Every structure is written in structure tokens, then in C-alpha cells.
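Peer 1: Pasting a structure here, questions to come.
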Amino acid sequence: MMLDFVVLIACPTLFAIGAMTDLVSYRIPNWVSLALAGAFVVAAAAGGMPLSTFGWHLLVGLGGLVVGFTLFAFNIIGGGDAKLFAAGALWAGPAYIMKYCFAFALAGGAFAVAVLVMRRVPLPAGAVRIPFIHQLLQPKAGLPYGVALGVGALIVLFDPLFIQALTT
């Protein structure tokens, strides 16, 4: 019961908050990534995750942190994106890391294409007056990649076999 709540309610909510705050402000609060890491510990305990599996998840999460901060060091992604990616990698673990990366890459590509199209077509005047839309549509503005990371995480979390993978 607790495992289902954390995986199907709390975790998706936190990833959605991370995605939305990045979309609106180009920032992902540190507490979101920390809460996701804490929720993983709760889910692992609630699901009776074997210690070896827990260790592998930690290792994949640490690898995600290294990759994320390397991309941050080269100014490819933001620091919040790096931490959110690490939290997603922690949750994905070795069984789902490739699916997570594939899902957020596809989501990121689709989001990038949509934004590029929106930057070229005239939008209703009211839409451009919304501050975050105005910022997003600036020709030199970056993309809030937390949106893609959040969507990728949701795809993994709602995989019918994901909860089972956490308990074995």
C-alpha cells in the first residue's frame, strides 16, 4: 500500500513539480530532487527491496549525478536538470535506466520541436503575454529540460512492471 502510494502518487507529483517549475522559472528547486531521493528510500523499505538491489540503484543514481554534472560543467544542462536526472536514475536503477533515458530523450526532442514551431508561428496575443510563454518563445532562450526529464520519469513509473522490479 505504501509502496503503491509512493510510486504512483508521491513520486509522479514530485517529478511533475520539477517539470512545471522548470517550465515556468527555468529552475528546479533542490528540495524536489532531495524529496525524490527520500521517497526512493521509503519505497525501497516499503517494498522490501534487497540490499544488493538498493546498492545498484544507488550506483546508477550516482552515475546519473556524475553524468548530469559533467553536462552541467559544459553548460549543456542546468544544475537543477542534473540533480533531477540523478533522482530519475536512482529510481530507474539498472533495470530501467535505458528506458528512462530513451523516454526523456524522445520527450525532449518532441518538446524541442514543438517550441521551435511555436517560435516561428504567430500565437494569439494573450498567449505571449504570459511571462513563461514569452520567455520560452525568445529565439535565444534555452529549453527547460526538466520537462523532458519529468515526462520520461512518468513513463517509467507507470510501466506495469516497474513496482515489481523495485521489490526483486
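Convention: chains lettered A, B, ... in C-alpha cells order; per-chain residue numbering from 1; ligands numbered from 1 as shown.
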I'd like the neighbourhood of Tyr100 (chain A) as a list of chain:residue names, where a residue qualifies if any of its atoms comes within 12 Å (using only C-alpha atoms), though same-chain residues fewer than 6 positions away should be ignored.
Peer 2: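 In the requested format, the answer is A:Val60, A:Gly64, A:Phe85, A:Ala86, A:Ala87, A:Gly88, A:Ala89, A:Leu90, A:Trp91, A:Ala92, A:Gly93, A:Pro94, A:Leu106, A:Ala107, A:Gly108, A:Ala148, A:Leu149, A:Gly150, A:Val151, A:Gly152, A:Ala153, A:Leu154, A:Ile155, A:Val156, A:Leu157, A:Phe158, A:Asp159, A:Phe162.
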Peer 1: Please measure the separation of CA of Met2 (chain A) and CA of Gly18 (chain A), giving the value in Å to one decimal.
Peer 2: 22.2 Å
Peer 1: Residues near Ile77 (chain A), anyone? I mean within 10 Å using only C-alpha atoms, not counting same-chain ones fewer than 4 positions away, as a ChimeraX atom specification.
Peer 2: /A:68-73,81-82,142-146
Peer 1: Mind dumping the selected residues with N, CA and C atoms as a PDB file, in the first residue's frame?
Peer 2:
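Saved result, out.pdb, follows:
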ATOM      1  N   GLY A  68      25.207  14.004 -15.127  1.00  0.00           N
ATOM      2  CA  GLY A  68      24.490  15.275 -15.090  1.00  0.00           C
ATOM      3  C   GLY A  68      25.407  16.452 -14.804  1.00  0.00           C
ATOM      4  N   PHE A  69      26.288  16.304 -13.839  1.00  0.00           N
ATOM      5  CA  PHE A  69      27.175  17.425 -13.515  1.00  0.00           C
ATOM      6  C   PHE A  69      28.276  17.604 -14.550  1.00  0.00           C
ATOM      7  N   THR A  70      28.610  16.555 -15.281  1.00  0.00           N
ATOM      8  CA  THR A  70      29.536  16.729 -16.403  1.00  0.00           C
ATOM      9  C   THR A  70      28.868  17.578 -17.484  1.00  0.00           C
ATOM     10  N   LEU A  71      27.612  17.259 -17.790  1.00  0.00           N
ATOM     11  CA  LEU A  71      26.866  18.065 -18.772  1.00  0.00           C
ATOM     12  C   LEU A  71      26.680  19.505 -18.278  1.00  0.00           C
ATOM     13  N   PHE A  72      26.471  19.659 -16.980  1.00  0.00           N
ATOM     14  CA  PHE A  72      26.350  20.995 -16.389  1.00  0.00           C
ATOM     15  C   PHE A  72      27.664  21.756 -16.521  1.00  0.00           C
ATOM     16  N   ALA A  73      28.790  21.080 -16.280  1.00  0.00           N
ATOM     17  CA  ALA A  73      30.103  21.726 -16.366  1.00  0.00           C
ATOM     18  C   ALA A  73      30.370  22.249 -17.776  1.00  0.00           C
ATOM     19  N   ASP A  81      18.577  20.446 -13.614  1.00  0.00           N
ATOM     20  CA  ASP A  81      18.368  19.320 -14.533  1.00  0.00           C
ATOM     21  C   ASP A  81      19.281  18.158 -14.157  1.00  0.00           C
ATOM     22  N   ALA A  82      20.527  18.461 -13.811  1.00  0.00           N
ATOM     23  CA  ALA A  82      21.490  17.414 -13.435  1.00  0.00           C
ATOM     24  C   ALA A  82      21.001  16.658 -12.209  1.00  0.00           C
ATOM     25  N   GLY A 142      16.940  29.082 -23.916  1.00  0.00           N
ATOM     26  CA  GLY A 142      17.176  27.648 -23.830  1.00  0.00           C
ATOM     27  C   GLY A 142      15.868  26.912 -23.612  1.00  0.00           C
ATOM     28  N   LEU A 143      15.972  25.616 -23.495  1.00  0.00           N
ATOM     29  CA  LEU A 143      14.789  24.805 -23.214  1.00  0.00           C
ATOM     30  C   LEU A 143      14.873  24.292 -21.786  1.00  0.00           C
ATOM     31  N   PRO A 144      13.768  24.370 -21.056  1.00  0.00           N
ATOM     32  CA  PRO A 144      13.754  23.808 -19.698  1.00  0.00           C
ATOM     33  C   PRO A 144      13.683  22.285 -19.780  1.00  0.00           C
ATOM     34  N   TYR A 145      14.842  21.631 -19.703  1.00  0.00           N
ATOM     35  CA  TYR A 145      14.905  20.196 -19.946  1.00  0.00           C
ATOM     36  C   TYR A 145      14.287  19.373 -18.827  1.00  0.00           C
ATOM     37  N   GLY A 146      13.992  20.018 -17.699  1.00  0.00           N
ATOM     38  CA  GLY A 146      13.294  19.314 -16.626  1.00  0.00           C
ATOM     39  C   GLY A 146      11.940  18.791 -17.079  1.00  0.00           C
TER      40      GLY A 146
END
Peer 1: Restricting the calculation to only C-alpha atoms, which member of A:Ala19, A:Leu14, A:Leu123, A:Ile97 is positioned closest to Phe40 (chain A)?
Peer 2: A:Leu14
Peer 1: When you look at region 164-166 of chain A with a cut-off of 9 Å (counting only C-alpha atoms), what residues show up, excluding the ones that are within fewer than 4 positions of it in the same chain? I need them as a PyMOL selection string.
Peer 2: chain A and resi 43-44+47-50+53-54+91+93+95-96+160
Peer 1: May I have the residues from that selection written out with N, CA and C atoms, as a short mmCIF file (atom, residue, chain, number, x, y, z; two decimals), in the first residue's frame?
Peer 2:
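Below you can see part_35.cif, which holds the result:
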data_model
loop_
_atom_site.label_atom_id
_atom_site.label_comp_id
_atom_site.auth_asym_id
_atom_site.auth_seq_id
_atom_site.Cartn_x
_atom_site.Cartn_y
_atom_site.Cartn_z
N ALA A 43 10.26 3.97 -0.53
CA ALA A 43 9.72 2.93 -1.41
C ALA A 43 10.54 1.64 -1.30
N ALA A 44 11.85 1.77 -1.22
CA ALA A 44 12.71 0.59 -1.10
C ALA A 44 12.41 -0.16 0.20
N GLY A 47 8.85 -1.73 0.04
CA GLY A 47 8.77 -2.87 -0.88
C GLY A 47 9.68 -4.02 -0.50
N GLY A 48 10.46 -3.84 0.57
CA GLY A 48 11.37 -4.90 0.97
C GLY A 48 12.47 -5.13 -0.05
N MET A 49 12.95 -4.05 -0.67
CA MET A 49 13.98 -4.18 -1.69
C MET A 49 15.24 -4.80 -1.09
N PRO A 50 15.78 -5.82 -1.73
CA PRO A 50 17.02 -6.41 -1.25
C PRO A 50 18.15 -5.37 -1.22
N THR A 53 20.03 -4.88 -4.48
CA THR A 53 19.28 -4.10 -5.47
C THR A 53 19.33 -2.62 -5.11
N PHE A 54 19.17 -2.33 -3.80
CA PHE A 54 19.26 -0.95 -3.32
C PHE A 54 20.62 -0.35 -3.70
N TRP A 91 15.76 6.22 -9.23
CA TRP A 91 14.51 5.49 -9.30
C TRP A 91 14.55 4.41 -10.38
N GLY A 93 17.14 2.79 -11.71
CA GLY A 93 18.02 1.68 -11.40
C GLY A 93 18.52 1.00 -12.66
N ALA A 95 17.62 -1.74 -14.09
CA ALA A 95 16.60 -2.38 -14.93
C ALA A 95 15.89 -1.39 -15.86
N TYR A 96 15.82 -0.12 -15.46
CA TYR A 96 15.01 0.85 -16.23
C TYR A 96 15.78 2.08 -16.69
N PRO A 160 3.79 -1.05 -16.14
CA PRO A 160 3.11 -2.02 -15.27
C PRO A 160 4.04 -2.91 -14.45
#
Peer 1: In Å, with one decimal, what is the gap from CA of Gly79 (chain A) to CA of Tyr26 (chain A)?
Peer 2: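 Interatomic distance, CA of Gly79 (chain A) to CA of Tyr26 (chain A): 10.5 Å.
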Peer 1: Excluding Leu51 (chain A) and residues on its chain fewer than 4 positions from it, collect all residues at most 12 Å away from it, counting only C-alpha atoms, and give them as an NGL selection string.
Peer 2: :A and (41 or 44-45 or 47 or 55-58 or 166-168)
Peer 1: Please, what distance in Å, to one decimal, runs between CA of Thr13 (chain A) and CA of Leu136 (chain A)?
Peer 2: 23.0 Å
Peer 1: Leaving out region 126-131 of chain A and any residue of its chain fewer than 5 positions from it, which residues lie within 12 Å of it when counting only C-alpha atoms, given as a list in words?
Peer 2: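 My list of contacting residues is Leu23, Val24, Ser25, Tyr26, Met118, Arg119, Val121, Leu136, Leu137 and Gln138 of chain A.
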Peer 1: Write the residues of the preceding selection, restricted to C-alpha atoms, as a PDB file, in the first residue's frame.
Peer 2:
ATOM      1  CA  LEU A  23       8.982  25.318 -17.406  1.00  0.00           C
ATOM      2  CA  VAL A  24       7.772  28.399 -15.558  1.00  0.00           C
ATOM      3  CA  SER A  25      11.010  29.642 -13.990  1.00  0.00           C
ATOM      4  CA  TYR A  26      13.919  27.741 -15.593  1.00  0.00           C
ATOM      5  CA  MET A 118       5.855  27.860 -31.708  1.00  0.00           C
ATOM      6  CA  ARG A 119       8.756  30.304 -32.111  1.00  0.00           C
ATOM      7  CA  VAL A 121       4.284  30.785 -35.992  1.00  0.00           C
ATOM      8  CA  LEU A 136      10.153  30.247 -23.751  1.00  0.00           C
ATOM      9  CA  LEU A 137       9.477  31.752 -27.180  1.00  0.00           C
ATOM     10  CA  GLN A 138      12.521  34.018 -27.215  1.00  0.00           C
TER      11      GLN A 138
END
